[in-house]
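See below for structure_24.txt, which holds compact mmCIF, C-alpha atoms.
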# COMPACT_ATOMS: atom_id res chain seq x y z
CA MET A 1 -30.91 -26.13 -44.97
CA LEU A 2 -32.71 -27.88 -47.84
CA GLU A 3 -35.27 -25.07 -48.08
CA THR A 4 -32.43 -22.52 -48.18
CA ILE A 5 -30.75 -24.41 -51.02
CA ALA A 6 -34.07 -24.68 -52.89
CA SER A 7 -34.77 -20.95 -52.53
CA TYR A 8 -31.25 -20.19 -53.76
CA ILE A 9 -31.66 -22.41 -56.84
CA TRP A 10 -35.12 -20.98 -57.60
CA SER A 11 -33.96 -17.40 -57.15
CA ALA A 12 -34.49 -14.65 -59.69
CA GLY A 13 -31.47 -15.95 -61.64
CA LEU A 14 -33.14 -19.22 -62.69
CA LEU A 15 -36.42 -17.46 -63.49
CA VAL A 16 -34.54 -14.99 -65.70
CA LEU A 17 -32.70 -17.89 -67.38
CA LEU A 18 -35.99 -19.68 -68.06
CA LEU A 19 -37.72 -16.61 -69.43
CA GLY A 20 -34.65 -15.43 -71.32
CA THR A 21 -34.37 -18.81 -73.03
CA GLY A 22 -38.07 -18.62 -73.83
CA VAL A 23 -37.64 -15.19 -75.45
CA PHE A 24 -34.59 -16.40 -77.42
CA LEU A 25 -36.43 -19.47 -78.74
CA THR A 26 -39.59 -17.47 -79.48
CA ILE A 27 -37.54 -15.23 -81.77
CA ARG A 28 -35.81 -18.27 -83.35
CA LEU A 29 -39.23 -19.82 -84.00
CA ARG A 30 -40.50 -16.56 -85.47
CA PHE A 31 -43.26 -16.29 -82.83
CA LEU A 32 -44.84 -19.63 -83.76
CA GLN A 33 -46.93 -19.76 -80.56
CA PHE A 34 -48.62 -16.48 -81.52
CA ARG A 35 -49.12 -16.83 -85.27
CA GLY A 36 -49.34 -20.57 -85.94
CA TRP A 37 -52.42 -21.83 -84.11
CA ARG A 38 -54.34 -22.68 -87.26
CA THR A 39 -51.49 -24.95 -88.33
CA ILE A 40 -50.94 -26.29 -84.81
CA LEU A 41 -54.58 -27.34 -84.29
CA LYS A 42 -54.82 -28.80 -87.79
CA ARG A 43 -51.65 -30.85 -87.34
CA THR A 44 -52.52 -32.07 -83.84
CA PHE A 45 -56.22 -32.70 -83.22
CA GLY A 46 -56.85 -32.87 -86.96
CA SER A 47 -54.54 -35.87 -87.30
CA LEU A 48 -55.79 -38.00 -84.40
CA LYS A 49 -57.70 -40.33 -86.71
CA GLU A 50 -54.61 -41.01 -88.79
CA LYS A 51 -52.54 -44.06 -87.92
CA PRO A 52 -48.80 -43.40 -88.20
CA ALA A 53 -46.84 -45.68 -90.51
CA GLY A 54 -44.94 -48.35 -88.62
CA GLU A 55 -46.69 -47.66 -85.34
CA ASN A 56 -45.16 -49.52 -82.40
CA ARG A 57 -47.87 -51.49 -80.66
CA THR A 58 -46.00 -51.41 -77.34
CA ALA A 59 -45.68 -47.63 -77.40
CA LEU A 60 -48.29 -45.07 -76.41
CA THR A 61 -50.60 -43.87 -79.18
CA GLN A 62 -50.52 -40.19 -80.03
CA PHE A 63 -53.62 -39.42 -77.96
CA GLN A 64 -52.31 -41.50 -75.05
CA THR A 65 -49.01 -39.61 -75.23
CA PHE A 66 -50.87 -36.29 -75.22
CA SER A 67 -53.03 -37.34 -72.26
CA THR A 68 -50.03 -38.64 -70.30
CA ALA A 69 -47.99 -35.48 -70.88
CA LEU A 70 -50.98 -33.38 -69.86
CA ALA A 71 -51.42 -35.53 -66.74
CA ALA A 72 -47.79 -35.00 -65.72
CA ALA A 73 -48.22 -31.22 -65.87
CA MET A 74 -51.88 -30.77 -64.98
CA GLY A 75 -52.37 -31.63 -61.32
CA THR A 76 -53.05 -30.05 -57.97
CA GLY A 77 -51.11 -26.96 -59.07
CA ASN A 78 -53.91 -26.08 -61.47
CA ILE A 79 -56.45 -25.96 -58.64
CA ILE A 80 -54.88 -25.57 -55.19
CA GLY A 81 -51.75 -23.99 -56.69
CA VAL A 82 -53.72 -21.24 -58.42
CA ALA A 83 -55.59 -20.42 -55.22
CA ALA A 84 -52.26 -20.23 -53.39
CA ALA A 85 -50.82 -17.95 -56.09
CA LEU A 86 -53.76 -15.58 -55.74
CA CYS A 87 -53.31 -15.52 -51.95
CA ILE A 88 -49.61 -14.68 -52.23
CA GLY A 89 -49.36 -12.55 -55.37
CA GLY A 90 -52.89 -11.23 -55.77
CA PRO A 91 -54.93 -11.27 -59.01
CA GLY A 92 -51.98 -9.79 -60.94
CA ALA A 93 -50.14 -13.12 -60.61
CA VAL A 94 -52.52 -14.58 -63.19
CA PHE A 95 -51.20 -12.24 -65.91
CA TRP A 96 -47.61 -13.35 -65.28
CA MET A 97 -48.73 -16.98 -65.38
CA TRP A 98 -50.03 -16.27 -68.88
CA PHE A 99 -46.72 -14.63 -69.77
CA SER A 100 -44.72 -17.63 -68.57
CA ALA A 101 -47.00 -19.99 -70.53
CA LEU A 102 -46.57 -18.10 -73.80
CA LEU A 103 -42.80 -18.25 -73.50
CA GLY A 104 -43.06 -21.80 -72.16
CA MET A 105 -44.62 -22.94 -75.43
CA ALA A 106 -41.40 -22.09 -77.24
CA LEU A 107 -39.42 -23.99 -74.60
CA THR A 108 -41.50 -27.15 -74.71
CA TYR A 109 -41.72 -27.13 -78.53
CA SER A 110 -37.92 -26.93 -78.71
CA GLU A 111 -37.47 -29.68 -76.12
CA ASN A 112 -39.56 -32.13 -78.11
CA VAL A 113 -38.07 -31.27 -81.48
CA LEU A 114 -34.50 -31.63 -80.22
CA ALA A 115 -35.32 -34.83 -78.29
CA LEU A 116 -36.52 -36.60 -81.43
CA ARG A 117 -33.87 -35.20 -83.76
CA TYR A 118 -31.07 -36.41 -81.49
CA ALA A 119 -32.71 -39.70 -80.43
CA ARG A 120 -30.34 -42.64 -80.88
CA THR A 121 -30.20 -46.37 -80.20
CA LEU A 122 -27.04 -47.48 -78.41
CA PRO A 123 -25.16 -50.68 -79.32
CA ASP A 124 -26.63 -52.45 -76.28
CA GLY A 125 -30.15 -51.72 -77.57
CA ARG A 126 -31.01 -48.87 -75.21
CA ARG A 127 -33.05 -46.10 -76.80
CA VAL A 128 -31.78 -42.66 -75.79
CA SER A 129 -34.46 -39.97 -76.07
CA GLY A 130 -35.80 -36.99 -74.19
CA PRO A 131 -33.40 -34.29 -72.94
CA MET A 132 -30.74 -36.98 -72.39
CA ALA A 133 -30.55 -37.38 -76.16
CA TYR A 134 -29.70 -33.79 -77.05
CA LEU A 135 -27.46 -33.36 -74.01
CA ARG A 136 -25.44 -36.45 -74.94
CA PHE A 137 -25.47 -36.37 -78.74
CA GLY A 138 -26.08 -32.66 -79.31
CA LEU A 139 -23.79 -31.17 -76.66
CA HIS A 140 -21.66 -34.36 -76.59
CA SER A 141 -21.79 -34.47 -72.80
CA ARG A 142 -22.46 -37.80 -71.13
CA VAL A 143 -22.00 -36.10 -67.76
CA LEU A 144 -24.84 -33.60 -68.31
CA ALA A 145 -27.11 -36.33 -69.68
CA ALA A 146 -26.49 -38.58 -66.66
CA PHE A 147 -26.84 -35.65 -64.25
CA TYR A 148 -30.17 -34.72 -65.81
CA ALA A 149 -31.40 -38.33 -65.59
CA VAL A 150 -30.50 -38.59 -61.88
CA CYS A 151 -32.28 -35.31 -61.09
CA CYS A 152 -35.30 -36.46 -63.09
CA ILE A 153 -35.56 -39.68 -61.08
CA ALA A 154 -35.35 -37.70 -57.85
CA ALA A 155 -38.05 -35.30 -59.06
CA SER A 156 -40.30 -38.16 -60.18
CA LEU A 157 -40.16 -39.80 -56.74
CA GLY A 158 -40.54 -36.47 -54.92
CA MET A 159 -42.63 -33.81 -56.63
CA GLY A 160 -44.20 -36.26 -59.10
CA ASN A 161 -44.98 -38.90 -56.50
CA MET A 162 -44.81 -38.35 -52.74
CA THR A 163 -46.14 -34.79 -52.79
CA GLN A 164 -49.08 -35.92 -54.95
CA SER A 165 -49.98 -38.87 -52.72
CA SER A 166 -49.67 -36.55 -49.71
CA ALA A 167 -52.21 -34.21 -51.34
CA ILE A 168 -54.56 -37.15 -51.92
CA SER A 169 -54.18 -38.25 -48.28
CA THR A 170 -54.80 -34.74 -46.95
CA LEU A 171 -57.90 -34.25 -49.08
CA ALA A 172 -59.30 -37.67 -48.11
CA LYS A 173 -58.78 -36.92 -44.42
CA GLN A 174 -60.35 -33.46 -44.60
CA ALA A 175 -63.36 -34.41 -46.73
CA PHE A 176 -64.09 -37.99 -45.62
CA SER A 177 -62.12 -38.41 -42.34
CA LEU A 178 -60.22 -41.26 -44.00
CA PRO A 179 -57.09 -42.31 -42.05
CA PRO A 180 -53.86 -41.60 -43.99
CA LEU A 181 -52.78 -45.25 -43.66
CA TRP A 182 -55.86 -46.40 -45.55
CA THR A 183 -55.21 -43.85 -48.26
CA ALA A 184 -51.58 -44.95 -48.46
CA VAL A 185 -52.53 -48.59 -48.99
CA GLY A 186 -55.26 -47.71 -51.49
CA VAL A 187 -53.07 -45.43 -53.59
CA ALA A 188 -50.11 -47.85 -53.62
CA VAL A 189 -52.25 -50.87 -54.55
CA LEU A 190 -54.26 -49.08 -57.25
CA LEU A 191 -51.12 -47.53 -58.71
CA GLY A 192 -49.43 -50.92 -58.69
CA ILE A 193 -52.33 -52.57 -60.52
CA ILE A 194 -52.09 -49.97 -63.28
CA LEU A 195 -48.31 -49.60 -63.57
CA LEU A 196 -47.32 -53.25 -63.25
CA ARG A 197 -49.63 -54.27 -66.10
CA GLY A 198 -47.44 -52.39 -68.54
CA THR A 199 -47.43 -49.38 -70.83
CA SER A 200 -50.62 -50.29 -72.69
CA CYS A 201 -52.65 -50.38 -69.46
CA THR A 202 -51.16 -47.06 -68.33
CA GLY A 203 -52.03 -45.45 -71.65
CA LYS A 204 -55.60 -46.78 -71.63
CA VAL A 205 -56.28 -45.51 -68.10
CA ILE A 206 -54.90 -42.06 -68.84
CA GLN A 207 -56.56 -41.66 -72.24
CA TRP A 208 -60.07 -41.89 -70.77
CA LEU A 209 -59.51 -40.61 -67.23
CA MET A 210 -57.63 -37.40 -68.05
CA PRO A 211 -60.00 -36.00 -70.73
CA LEU A 212 -63.08 -36.90 -68.68
CA LEU A 213 -61.66 -35.42 -65.49
CA SER A 214 -60.55 -32.25 -67.27
CA ALA A 215 -63.95 -31.83 -68.94
CA VAL A 216 -65.84 -32.18 -65.64
CA TYR A 217 -63.60 -29.70 -63.84
CA LEU A 218 -63.55 -27.12 -66.66
CA LEU A 219 -67.34 -27.27 -67.03
CA ALA A 220 -67.72 -26.75 -63.28
CA ALA A 221 -65.37 -23.75 -63.40
CA LEU A 222 -67.28 -22.34 -66.36
CA GLY A 223 -70.49 -22.81 -64.40
CA VAL A 224 -69.11 -20.71 -61.54
CA ILE A 225 -67.99 -17.98 -63.95
CA VAL A 226 -71.33 -17.89 -65.79
CA THR A 227 -73.20 -17.74 -62.48
CA HIS A 228 -71.15 -14.69 -61.47
CA HIS A 229 -70.72 -13.22 -64.96
CA ASP A 230 -71.47 -9.70 -63.69
CA ALA A 231 -68.18 -9.78 -61.80
CA LEU A 232 -66.14 -10.85 -64.85
CA PRO A 233 -65.10 -7.34 -66.01
CA GLY A 234 -63.96 -6.52 -62.48
CA ALA A 235 -61.93 -9.74 -62.31
CA PHE A 236 -60.05 -8.89 -65.51
CA ARG A 237 -59.51 -5.34 -64.27
CA ASP A 238 -57.99 -6.67 -61.05
CA ILE A 239 -55.73 -9.04 -63.02
CA PHE A 240 -54.32 -6.35 -65.32
CA CYS A 241 -54.05 -3.67 -62.64
CA GLY A 242 -52.41 -6.07 -60.20
CA ALA A 243 -50.00 -7.30 -62.87
CA PHE A 244 -48.39 -3.86 -63.07
CA GLY A 245 -48.69 -2.93 -59.40
CA ILE A 246 -51.57 -0.48 -59.86
CA ARG A 247 -53.40 -0.16 -56.56
CA ALA A 248 -57.18 -0.29 -56.66
CA VAL A 249 -57.53 2.19 -53.80
CA GLY A 250 -55.93 5.62 -54.06
CA GLY A 251 -54.33 5.02 -57.47
CA GLY A 252 -50.61 5.01 -58.03
CA ILE A 253 -48.20 2.16 -58.57
CA SER A 254 -46.89 -0.05 -55.76
CA GLY A 255 -43.47 -1.60 -56.35
CA ALA A 256 -44.10 -4.21 -53.64
CA VAL A 257 -47.36 -5.32 -55.26
CA LEU A 258 -45.68 -5.47 -58.68
CA LYS A 259 -42.73 -7.53 -57.41
CA GLN A 260 -44.95 -9.99 -55.57
CA ALA A 261 -47.28 -10.45 -58.56
CA VAL A 262 -44.40 -10.99 -61.00
CA GLN A 263 -42.45 -13.46 -58.85
CA THR A 264 -45.52 -15.44 -57.79
CA GLY A 265 -47.07 -15.59 -61.26
CA LEU A 266 -43.89 -16.59 -63.06
CA ARG A 267 -42.92 -19.26 -60.54
CA HIS A 268 -46.39 -20.81 -60.29
CA GLY A 269 -46.73 -20.70 -64.08
CA ILE A 270 -43.46 -22.60 -64.51
CA PHE A 271 -44.40 -25.12 -61.83
CA SER A 272 -47.80 -25.59 -63.44
CA ASN A 273 -46.80 -26.28 -67.06
CA GLU A 274 -43.22 -27.49 -66.34
CA ALA A 275 -41.93 -25.92 -69.56
CA GLY A 276 -38.15 -25.77 -69.42
CA LEU A 277 -37.80 -28.86 -67.22
CA GLY A 278 -37.91 -31.33 -70.13
CA SER A 279 -40.68 -33.51 -68.68
CA SER A 280 -42.85 -33.17 -71.79
CA ALA A 281 -40.03 -34.48 -74.00
CA LEU A 282 -39.63 -37.47 -71.66
CA VAL A 283 -43.29 -38.46 -72.05
CA HIS A 284 -43.38 -37.89 -75.80
CA ALA A 285 -40.27 -40.06 -76.09
CA GLY A 286 -42.46 -43.04 -75.19
CA GLY A 287 -44.96 -42.34 -77.96
CA SER A 288 -45.36 -44.05 -81.31
CA SER A 289 -44.79 -41.02 -83.55
CA GLU A 290 -41.31 -39.80 -84.49
CA ASP A 291 -42.50 -36.61 -86.23
CA ALA A 292 -40.45 -34.01 -84.33
CA ALA A 293 -42.49 -30.97 -85.36
CA LEU A 294 -45.77 -32.74 -84.56
CA GLN A 295 -44.62 -33.70 -81.05
CA GLY A 296 -43.48 -30.12 -80.52
CA MET A 297 -46.87 -28.77 -81.51
CA TRP A 298 -48.67 -31.25 -79.26
CA SER A 299 -46.56 -30.02 -76.36
CA MET A 300 -47.57 -26.42 -77.13
CA VAL A 301 -51.22 -27.47 -76.97
CA GLU A 302 -50.55 -29.10 -73.59
CA VAL A 303 -49.08 -25.90 -72.14
CA ALA A 304 -51.99 -23.87 -73.52
CA LEU A 305 -54.57 -26.21 -71.97
CA ASP A 306 -52.69 -26.43 -68.69
CA THR A 307 -52.08 -22.74 -68.00
CA LEU A 308 -54.02 -20.57 -70.43
CA VAL A 309 -57.22 -22.61 -70.08
CA CYS A 310 -57.30 -24.56 -66.80
CA CYS A 311 -55.39 -22.14 -64.55
CA THR A 312 -57.26 -19.18 -66.04
CA LEU A 313 -60.69 -20.72 -65.45
CA THR A 314 -59.70 -21.61 -61.88
CA ALA A 315 -58.55 -18.04 -61.24
CA LEU A 316 -61.67 -16.50 -62.77
CA ALA A 317 -63.92 -18.83 -60.78
CA ILE A 318 -62.19 -17.70 -57.58
CA LEU A 319 -62.20 -14.00 -58.46
CA THR A 320 -65.77 -13.75 -59.78
CA SER A 321 -67.23 -15.73 -56.87
CA GLY A 322 -65.48 -13.55 -54.29
CA ALA A 323 -63.95 -16.64 -52.68
CA LEU A 324 -60.60 -14.88 -52.27
CA THR A 325 -62.13 -12.70 -49.54
CA GLN A 326 -64.15 -15.51 -47.96
CA ALA A 327 -61.33 -17.82 -46.86
CA ASP A 328 -57.72 -17.58 -45.78
CA HIS A 329 -56.09 -20.69 -47.27
CA ALA A 330 -56.05 -22.37 -50.68
CA GLY A 331 -58.26 -25.38 -49.93
CA ALA A 332 -61.00 -23.29 -48.32
CA ILE A 333 -60.86 -20.78 -51.18
CA ILE A 334 -61.48 -23.53 -53.75
CA THR A 335 -64.37 -24.92 -51.69
CA ALA A 336 -65.93 -21.45 -51.36
CA ALA A 337 -65.58 -20.78 -55.10
CA PHE A 338 -67.40 -23.96 -56.13
CA SER A 339 -70.01 -23.99 -53.37
CA GLY A 340 -72.40 -22.15 -55.67
CA ILE A 341 -72.30 -25.09 -58.10
CA PHE A 342 -72.01 -28.09 -55.77
CA GLY A 343 -73.66 -26.63 -52.66
CA SER A 344 -72.90 -28.34 -49.35
CA ALA A 345 -71.20 -31.18 -51.24
CA ALA A 346 -68.49 -28.82 -52.56
CA PRO A 347 -65.76 -29.98 -50.12
CA GLU A 348 -66.27 -33.64 -51.04
CA VAL A 349 -66.63 -33.09 -54.80
CA MET A 350 -63.59 -30.82 -55.06
CA ALA A 351 -61.58 -33.24 -52.91
CA ILE A 352 -62.41 -36.09 -55.31
CA LEU A 353 -61.61 -34.04 -58.42
CA THR A 354 -58.33 -32.73 -57.02
CA ALA A 355 -57.31 -36.18 -55.79
CA LEU A 356 -57.97 -37.68 -59.23
CA PHE A 357 -55.85 -34.96 -60.85
CA ALA A 358 -53.07 -35.82 -58.40
CA PHE A 359 -53.40 -39.52 -59.23
CA CYS A 360 -53.09 -38.77 -62.95
CA THR A 361 -49.97 -36.75 -62.20
CA LEU A 362 -48.54 -39.80 -60.40
CA ILE A 363 -48.96 -41.91 -63.54
CA GLY A 364 -47.59 -39.20 -65.83
CA TRP A 365 -44.46 -38.66 -63.74
CA CYS A 366 -43.83 -42.39 -63.53
CA CYS A 367 -43.47 -42.33 -67.32
CA CYS A 368 -40.97 -39.44 -67.02
CA GLY A 369 -38.86 -41.15 -64.38
CA GLU A 370 -38.95 -44.43 -66.24
CA GLN A 371 -37.29 -42.86 -69.30
CA ALA A 372 -34.45 -41.63 -67.09
CA VAL A 373 -34.10 -45.01 -65.36
CA ARG A 374 -33.93 -46.83 -68.70
CA TYR A 375 -31.25 -44.43 -69.89
CA LEU A 376 -29.06 -45.13 -66.85
CA GLY A 377 -29.62 -48.85 -66.43
CA GLY A 378 -31.63 -50.29 -69.31
CA GLU A 379 -34.82 -52.35 -69.29
CA ARG A 380 -33.75 -54.45 -66.30
CA LEU A 381 -34.43 -51.51 -63.96
CA ARG A 382 -37.89 -50.77 -65.32
CA LEU A 383 -39.80 -53.15 -63.02
CA PRO A 384 -37.81 -52.29 -59.85
CA TYR A 385 -38.41 -48.60 -60.54
CA ARG A 386 -42.15 -49.09 -60.85
CA LEU A 387 -42.21 -51.07 -57.60
CA LEU A 388 -40.22 -48.32 -55.88
CA PHE A 389 -42.59 -45.72 -57.34
CA CYS A 390 -45.61 -47.50 -55.83
CA LEU A 391 -43.83 -47.83 -52.47
CA CYS A 392 -42.96 -44.12 -52.40
CA ALA A 393 -46.58 -43.25 -53.19
CA GLY A 394 -47.66 -45.15 -50.09
CA ILE A 395 -44.97 -43.55 -47.94
CA GLY A 396 -45.85 -40.06 -49.16
CA ALA A 397 -49.41 -40.45 -47.92
CA VAL A 398 -48.37 -40.94 -44.28
CA VAL A 399 -45.15 -38.97 -43.67
CA SER A 400 -44.35 -35.30 -43.18
CA LEU A 401 -43.28 -33.86 -46.52
CA ARG A 402 -41.46 -30.66 -45.65
CA SER A 403 -38.06 -32.12 -46.58
CA VAL A 404 -39.52 -33.94 -49.59
CA TRP A 405 -40.91 -30.67 -50.96
CA ALA A 406 -37.53 -28.99 -50.52
CA LEU A 407 -35.70 -31.88 -52.23
CA SER A 408 -38.26 -31.81 -55.06
CA ASP A 409 -37.69 -28.10 -55.62
CA ILE A 410 -33.94 -28.71 -55.72
CA ALA A 411 -34.28 -31.60 -58.19
CA ASN A 412 -36.60 -29.60 -60.45
CA GLY A 413 -34.24 -26.64 -60.50
CA LEU A 414 -31.24 -28.84 -61.22
CA MET A 415 -33.19 -30.50 -64.08
CA ALA A 416 -33.81 -27.10 -65.63
CA ILE A 417 -30.19 -25.91 -65.69
CA PRO A 418 -28.64 -28.50 -68.10
CA ASN A 419 -31.87 -28.62 -70.08
CA LEU A 420 -31.85 -24.85 -70.69
CA LEU A 421 -28.16 -25.00 -71.58
CA GLY A 422 -28.98 -27.54 -74.27
CA LEU A 423 -31.86 -25.45 -75.61
CA VAL A 424 -29.75 -22.30 -75.87
CA LEU A 425 -26.77 -23.95 -77.55
CA LEU A 426 -28.87 -26.08 -79.91
CA GLY A 427 -31.58 -23.53 -80.62
CA TRP A 428 -30.44 -23.21 -84.23
CA ARG A 429 -31.45 -26.85 -84.83
CA VAL A 430 -35.01 -26.09 -83.73
CA SER A 431 -35.68 -23.30 -86.22
CA ASP A 432 -34.09 -24.83 -89.30
CA ARG A 433 -37.25 -26.71 -90.22
CA LEU A 434 -40.38 -24.97 -88.96
CA PRO A 435 -43.80 -26.57 -89.64
CA GLU A 436 -45.39 -25.52 -92.90
CA LYS A 437 -48.85 -23.98 -93.11

Mind turning the file's structure into structure tokens?
Amino acid sequence: MLETIASYIWSAGLLVLLLGTGVFLTIRLRFLQFRGWRTILKRTFGSLKEKPAGENRTALTQFQTFSTALAAAMGTGNIIGVAAALCIGGPGAVFWMWFSALLGMALTYSENVLALRYARTLPDGRRVSGPMAYLRFGLHSRVLAAFYAVCCIAASLGMGNMTQSSAISTLAKQAFSLPPLWTAVGVAVLLGIILLRGTSCTGKVIQWLMPLLSAVYLLAALGVIVTHHDALPGAFRDIFCGAFGIRAVGGGISGAVLKQAVQTGLRHGIFSNEAGLGSSALVHAGGSSEDAALQGMWSMVEVALDTLVCCTLTALAILTSGALTQADHAGAIITAAFSGIFGSAAPEVMAILTALFAFCTLIGWCCCGEQAVRYLGGERLRLPYRLLFCLCAGIGAVVSLRSVWALSDIANGLMAIPNLLGLVLLGWRVSDRLPEK
């Protein structure tokens, strides 16, 4: 029943709503994600050495905020998820992942700009930010803001937590024959050590772990592609032909191939970068900078790195190495693709890398859920939520997650609906002050 509800929520209607909102905001922003990269890179990476005036020492620094937001989006979906998308939708799915990312940049930019412009401090001292801010003070709907916060908490404990710890447990069992109970204890304890020491510890762990982990993985993927560079033109040909249903054998256009590529690529792209769900705005709400345009541009960089860079390199590594024809499930495909770089140690190395990505996602989604918890109940619920988050991580490593996955899909879809409503109705506030060159 849960899976039926999830499939109904994530039907073509929600995908059309997400993409339609992306097109609408792209036009409102005058195609900023296509024309403004010189300004975006200058304003983001070019300003990392600058210390914002009045910086809050208890908040995340700008680089820590960027790393945490990237961690929340960049996880197992960028590795195992891409392999699964290629299995289901073929190489053409990659093109539609790019398409969803380009529109997703407009979505995530708008989320962050609106979140900071409508941020308020309530009389009881609670800081309202993230999507809850523009739903409550922009649309003047406390109901939508509370509904979004509840769905966000559910998603953080499900998709952002238990499914990630389950992936870690599965990888540890397959690669090292480690019992799930041991993994459960290890993940819960390590997560507790990091989270219970406060925001500064969380930021410090993420700011060195996420860039280092990303660099190692991207260099390995590049190594695979360079090793098989002769197959690169054929990989791009398969991507573009598959994207429009053009069959490699016999010519012609296949409607079934086209439909499968479009649906798979769009859905996996959205799940990968999470644009339209509001999670990026939740993480950036905990940062030290209140420059709305700057936070919006950082979020565009995050989507670009997540989908246009990481997912693309994963897909090209799989396609150029021929791994798609050498195995029949996502994990084996990834192992086959990187065996040319890591040799017989490929299963263990890729298990470690993927597990670390999943662990970073755990930390990133804890920050998202915490913003929602603080909105509903204030600071007094912060510690209980973190304890519950660690407990759920341990449970996720040892239980069957079929129902958890279904509930996570439902929560994610329900997060998107009020968030997209806010973006559509308040889109005029996003484009009234675009970043200058």

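With all atoms listed in the file as the atoms that count, the residue of A:Gly223, A:Gly322, A:Gly343, A:Gly20 with the shortest distance to Pro91 in chain A is A:Gly322.
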
Under the rule that only C-alpha atoms are counted, which of A:Tyr109, A:Trp37, A:Trp98, A:Phe342 is the nearest residue to His284 in chain A? A:Tyr109

Rounded to one decimal place, report the CA of Ala115 in chain A-CA of Val430 in chain A distance in Å. 10.3 Å

Neighbouring residues of range 185-193 of chain A were defined as those with any atom within 12 Å, considering only C-alpha atoms; residues of the same chain fewer than 5 positions away were excluded. Please report them as a count of residues only. 43

For Phe63 in chain A, which of A:Ala372, A:Ala327, A:Val283, A:Ala336 is the closest residue, counting all atoms listed in the file?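 Looking at the shortest contact to Phe63 in chain A, the residue is A:Val283.
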
Could you tell me how far CA of Val373 in chain A lies from CA of Cys152 in chain A, in Å and to one decimal?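 Between CA of Val373 in chain A and CA of Cys152 in chain A the gap is 8.9 Å.
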
Considering only C-alpha atoms, state which residue in the set A:Leu376, A:Ala411, A:Ile194, A:Ala83 is at the smallest distance from Ala149 in chain A.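 Among A:Leu376, A:Ala411, A:Ile194, A:Ala83, it is A:Leu376 that comes nearest to Ala149 in chain A.
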
Need the shell around Leu266 in chain A: protein/DNA/RNA residues with any atom at most 7 Å away, counting all atoms listed in the file. Skip same-chain ones fewer than 5 positions apart. Format as a ChimeraX atom specification? /A:96-97,100

Let's have the selection written as a compact mmCIF listing (two decimals), in the frame of the given file, with C-alpha atoms.
# COMPACT_ATOMS: atom_id res chain seq x y z
CA TRP A 96 -47.61 -13.35 -65.28
CA MET A 97 -48.73 -16.98 -65.38
CA SER A 100 -44.72 -17.63 -68.57

Centre and edge lengths of an axis-aligned box around all listed atoms of range 166-182 of chain A, with 4 Å added on each side, are to be given in Å to one decimal, as lines of an AutoDock Vina configuration file.
center_x = -56.9
center_y = -39.9
center_z = -47.0
size_x = 22.4
size_y = 20.9
size_z = 17.9

Choose the residue, out of A:Val301, A:Leu313, A:Ala332, A:Leu144, that has the smallest atom-to-atom separation from Leu70 in chain A; count only C-alpha atoms.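 Ranking A:Val301, A:Leu313, A:Ala332, A:Leu144 by distance to Leu70 in chain A, first place goes to A:Val301.
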
Could you check which of A:Gly413, A:Gly158, A:Gly234, A:Gly89 is closest to His268 in chain A, using all atoms listed in the file?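 The shortest atom-to-atom distance to His268 in chain A comes from A:Gly89.
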
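Here CA of Ala175 in chain A and CA of Thr354 in chain A stand 11.6 Å from one another.
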
Near-Ser299 in chain A list (8 Å; only C-alpha atoms; drop same-chain fewer than 2 positions) as an NGL selection string: :A and (66 or 69 or 105 or 108-109 or 112 or 280 or 295-297 or 301-303)

Long-range neighbours of Glu348 in chain A as a ChimeraX atom specification, 9 Å cut-off, only C-alpha atoms, 3 positions minimum in chain: /A:171-172,174-176,335,344-345,351-353

Compile the contact shell of Thr264 in chain A as a count of residues only: residues with an atom at most 8 Å away, counting all atoms listed in the file, same-chain residues fewer than 5 positions apart removed. 4
